[in-house]
Amino acid sequence: MKRVLIISYYWLPSGGSGVQRWVKFCKYLPQMGWKPIVYTPENPEFSVIDHTIGSDLPPTIEVVKRKIWEPYQLYKRFAGKKEEKVSTAGFVSENSILSWKGKLSIWLRGNLFIPDPRCFWVRPSVKFLKKYIAKNNIDAIISTGPPHSMHLIAARLKKHFPSIKWVADFRDPWTDIYFYKELNLTKIADSLHHRLEKKVVQNADVVVTISQNCVNGFLLIKQKNIELITNGFDEDDFLQGEVELDKKFSIAHIGLLDKARNSLMFWQVLSEICKENTDFKNDLEIKLIGKVDYSVLSEIKKLNLTDNLKKIDYLPHNEAILEQKRSAVLLLSINNTSSAKGILTGKIFEYLAARRPIFAIGPTDGDAAEIIRATNAGKIVDFNDFESTKKTIIDFYQKYKNGVLTTENAAIDKYNRKNLTKQLVEILNKL
């Protein structure tokens, strides 16, 4: 069996979407002739813990852990949050105004900790892994980011072991990520981010990423060896059998809902329908499961929708799947940013597997729109299309009242984690 070293900051027992991609790859890789060795921090800063993810991993998977130093402890002392977990994904604020300390921490993150606060782990990891690889037979190296410091570790190892093939996996873009401009970078820092990104993309034997628009972006840096492997769903996670649907007309959003994903238009549509239709007002339930930005809750309150709100900060992955399966409609809100066409969150694939109608807000010519149309899984409307949004929600509601709110979700097997792992193995075998 060939051996692949996977360098990943996120690993069990981390919760959230960042860990699931490689946990699922590692589940199926041994069935296809590749033994994964996961290199990950011993003491990482996870914003959420979830012990249900990875419960079906093969016990033979080797995990190598080394201590990491991160500046989050300094930040927590500075911000007076010594006992709190630091949210390291996206920009979500529970307060209406970001404090000067919060603004300063964002500036420091982008301009001093390049490419990210895990940069202090690069040098000790390279030192350790050079010795590890010299003593252990490694056939390939995979780095997955963000955090993109994982790619810098692999880049240095590639320089020391040029015969070992290296795959750089981008679960999100680097300089094209939706919050990049919010880092308030100086010209020097911006230039350094771009130089490091170019170095990784050009020196990796293969770059893998999660959407066609992301592929197109990396092709501007290197004209070949850019491969598409989307995120997906594991059918084993959806074997709970039949689940009783919510009694209410529930519209559920699962996962991070930050300011960039907050569609004011959508809440305005719900408010208007509630005013026009008392039954709709009584039947509506807005389920928000995961971290939610202040701007979302403020808009819901402003439009008198608070009585319809059911908010849950976090659910373990297996419970979140149950909530998806029992919801009337699944809300997919795409970041309203310049890179929106290439945003393809992991939740869309689990939404497909839950087999409930998807209502998406985002670019109608983006990657998410193409998947929704190809699978006949629901409806997507543009960010500001009030009339289409209202018409679709009313149509969903009428079908709910008539007991016929269903979806086809055709041709979704290509997004099964096992089939996606076959794509990865094809790349590794070719290398």
# chains A, B, ... in the order shown; residues from 1 in each chain; ligands from 1
$ residues_around --residues "range 372-377 of chain A" --least-positions-apart "4" --cutoff "6 Å" --atoms "only C-alpha atoms" --output "compact mmCIF listing (two decimals) with C-alpha atoms, in the first residue's frame"
# COMPACT_ATOMS: atom_id res chain seq x y z
CA PRO A 357 -35.79 21.57 -1.64
CA THR A 407 -37.50 17.47 -4.72
CA ASN A 409 -32.24 15.63 -6.48
CA ALA A 410 -31.21 13.71 -9.60
CA ALA A 411 -27.66 12.66 -10.51
$ closest_atom_pairs --of "range 160-204 of chain A" --to "range 325-338 of chain A" --cutoff "9 Å" --atoms "only C-alpha atoms" --output "JSON lines"
{"residue": "A:Asp176", "atom": "CA", "partner": "A:Ser338", "partner_atom": "CA", "distance": 8.7}
{"residue": "A:Tyr178", "atom": "CA", "partner": "A:Thr337", "partner_atom": "CA", "distance": 6.1}
{"residue": "A:Phe179", "atom": "CA", "partner": "A:Thr337", "partner_atom": "CA", "distance": 8.6}
$ select_by_dssp --residues "range 123-235 of chain A" --states "alpha helix (DSSP H)" --output "JSON, numbers by chain"
{"A": [123, 124, 125, 126, 127, 128, 129, 130, 131, 132, 133, 134, 135, 149, 150, 151, 152, 153, 154, 155, 156, 157, 158, 159, 160, 187, 188, 189, 190, 191, 192, 193, 194, 195, 196, 197, 198, 199, 200, 201, 202, 203, 212, 213, 214, 215, 216, 217, 218, 219]}
$ closest_residue --among "A:Lys2, A:His253, A:Lys275, A:Lys301" --to "Phe359 in chain A" --atoms "only C-alpha atoms"
A:His253
$ atom_distance --atom1 "CA of Lys422 in chain A" --atom2 "CA of Gln212 in chain A"
18.6 Å
$ select_by_dssp --residues "range 86-265 of chain A" --states "strand (DSSP E or B)" --output "list in words"
Ala140, Ile141, Ile142, Ser143, Thr144, Gly145, Lys165, Trp166, Val167, Ala168, Asp169, Phe170, Val206, Val207, Val208, Thr209, Ile226, Glu227, Leu228, Phe233, Phe249, Ser250, Ile251, Ala252, His253, Ile254 and Leu257 of chain A
$ write_last_selection --atoms "C-alpha atoms" --output "PDB file, in the first residue's frame"
ATOM      1  CA  ALA A 140       3.238  11.563  -1.884  1.00  0.00           C
ATOM      2  CA  ILE A 141       2.539  14.678   0.163  1.00  0.00           C
ATOM      3  CA  ILE A 142      -0.775  16.534   0.328  1.00  0.00           C
ATOM      4  CA  SER A 143      -1.204  19.900   2.007  1.00  0.00           C
ATOM      5  CA  THR A 144      -4.686  21.319   2.561  1.00  0.00           C
ATOM      6  CA  GLY A 145      -5.580  24.899   3.328  1.00  0.00           C
ATOM      7  CA  LYS A 165       5.098  14.357  -5.518  1.00  0.00           C
ATOM      8  CA  TRP A 166       3.124  17.150  -3.857  1.00  0.00           C
ATOM      9  CA  VAL A 167      -0.599  17.916  -4.170  1.00  0.00           C
ATOM     10  CA  ALA A 168      -1.772  21.317  -2.844  1.00  0.00           C
ATOM     11  CA  ASP A 169      -5.478  21.214  -1.942  1.00  0.00           C
ATOM     12  CA  PHE A 170      -7.316  24.539  -1.679  1.00  0.00           C
ATOM     13  CA  VAL A 206      -0.868  19.272  -8.860  1.00  0.00           C
ATOM     14  CA  VAL A 207      -3.254  21.866  -7.421  1.00  0.00           C
ATOM     15  CA  VAL A 208      -6.701  20.611  -6.406  1.00  0.00           C
ATOM     16  CA  THR A 209      -9.600  22.933  -5.632  1.00  0.00           C
ATOM     17  CA  ILE A 226      -5.121  22.333 -11.815  1.00  0.00           C
ATOM     18  CA  GLU A 227      -7.762  19.733 -10.921  1.00  0.00           C
ATOM     19  CA  LEU A 228     -11.350  19.995  -9.698  1.00  0.00           C
ATOM     20  CA  PHE A 233     -21.549  14.022   1.128  1.00  0.00           C
ATOM     21  CA  PHE A 249     -42.986  25.567   7.266  1.00  0.00           C
ATOM     22  CA  SER A 250     -39.342  25.566   8.340  1.00  0.00           C
ATOM     23  CA  ILE A 251     -36.654  27.339   6.337  1.00  0.00           C
ATOM     24  CA  ALA A 252     -33.299  26.176   7.705  1.00  0.00           C
ATOM     25  CA  HIS A 253     -29.788  27.506   7.283  1.00  0.00           C
ATOM     26  CA  ILE A 254     -27.052  25.200   8.584  1.00  0.00           C
ATOM     27  CA  LEU A 257     -24.085  32.932   8.461  1.00  0.00           C
TER      28      LEU A 257
END
$ residues_around --residues "range 305-320 of chain A" --least-positions-apart "4" --cutoff "6 Å" --atoms "only C-alpha atoms" --output "PyMOL selection string"
chain A and resi 50+285-291+300-301
$ atom_distance --atom1 "CA of Pro173 in chain A" --atom2 "CA of Gly346 in chain A"
14.1 Å
$ closest_residue --among "A:Leu303, A:Val23, A:Ile380, A:Met1" --to "Asn137 in chain A" --atoms "only C-alpha atoms"
A:Met1
$ decode --residues "range 183-201 of chain A" --atoms "N, CA and C atoms" --output "compact mmCIF listing (two decimals), in the first residue's frame"
# COMPACT_ATOMS: atom_id res chain seq x y z
N LEU A 183 -9.07 42.27 5.40
CA LEU A 183 -7.84 42.19 6.18
C LEU A 183 -7.09 43.52 6.22
N ASN A 184 -7.51 44.47 5.37
CA ASN A 184 -6.90 45.81 5.34
C ASN A 184 -5.38 45.73 5.17
N LEU A 185 -4.96 45.05 4.13
CA LEU A 185 -3.53 44.79 3.92
C LEU A 185 -2.80 46.03 3.41
N THR A 186 -1.56 46.16 3.86
CA THR A 186 -0.66 47.15 3.26
C THR A 186 -0.21 46.62 1.91
N LYS A 187 0.38 47.48 1.10
CA LYS A 187 0.86 47.04 -0.22
C LYS A 187 1.92 45.96 -0.08
N ILE A 188 2.77 46.09 0.94
CA ILE A 188 3.83 45.09 1.16
C ILE A 188 3.21 43.74 1.53
N ALA A 189 2.23 43.75 2.45
CA ALA A 189 1.61 42.50 2.88
C ALA A 189 0.83 41.86 1.73
N ASP A 190 0.11 42.67 0.97
CA ASP A 190 -0.65 42.15 -0.17
C ASP A 190 0.29 41.50 -1.18
N SER A 191 1.40 42.15 -1.43
CA SER A 191 2.38 41.61 -2.38
C SER A 191 2.94 40.28 -1.88
N LEU A 192 3.19 40.18 -0.58
CA LEU A 192 3.75 38.96 -0.01
C LEU A 192 2.74 37.81 -0.09
N HIS A 193 1.48 38.10 0.21
CA HIS A 193 0.44 37.07 0.09
C HIS A 193 0.40 36.53 -1.34
N HIS A 194 0.43 37.43 -2.32
CA HIS A 194 0.37 37.01 -3.72
C HIS A 194 1.61 36.22 -4.13
N ARG A 195 2.78 36.64 -3.64
CA ARG A 195 4.02 35.92 -3.98
C ARG A 195 4.02 34.51 -3.41
N LEU A 196 3.57 34.37 -2.16
CA LEU A 196 3.52 33.05 -1.54
C LEU A 196 2.50 32.15 -2.25
N GLU A 197 1.35 32.71 -2.60
CA GLU A 197 0.35 31.94 -3.33
C GLU A 197 0.92 31.46 -4.66
N LYS A 198 1.58 32.33 -5.38
CA LYS A 198 2.18 31.98 -6.68
C LYS A 198 3.22 30.89 -6.52
N LYS A 199 4.03 31.01 -5.47
CA LYS A 199 5.07 30.01 -5.21
C LYS A 199 4.46 28.63 -4.97
N VAL A 200 3.40 28.57 -4.18
CA VAL A 200 2.76 27.29 -3.88
C VAL A 200 2.15 26.69 -5.14
N VAL A 201 1.39 27.48 -5.87
CA VAL A 201 0.68 26.98 -7.06
C VAL A 201 1.67 26.52 -8.13
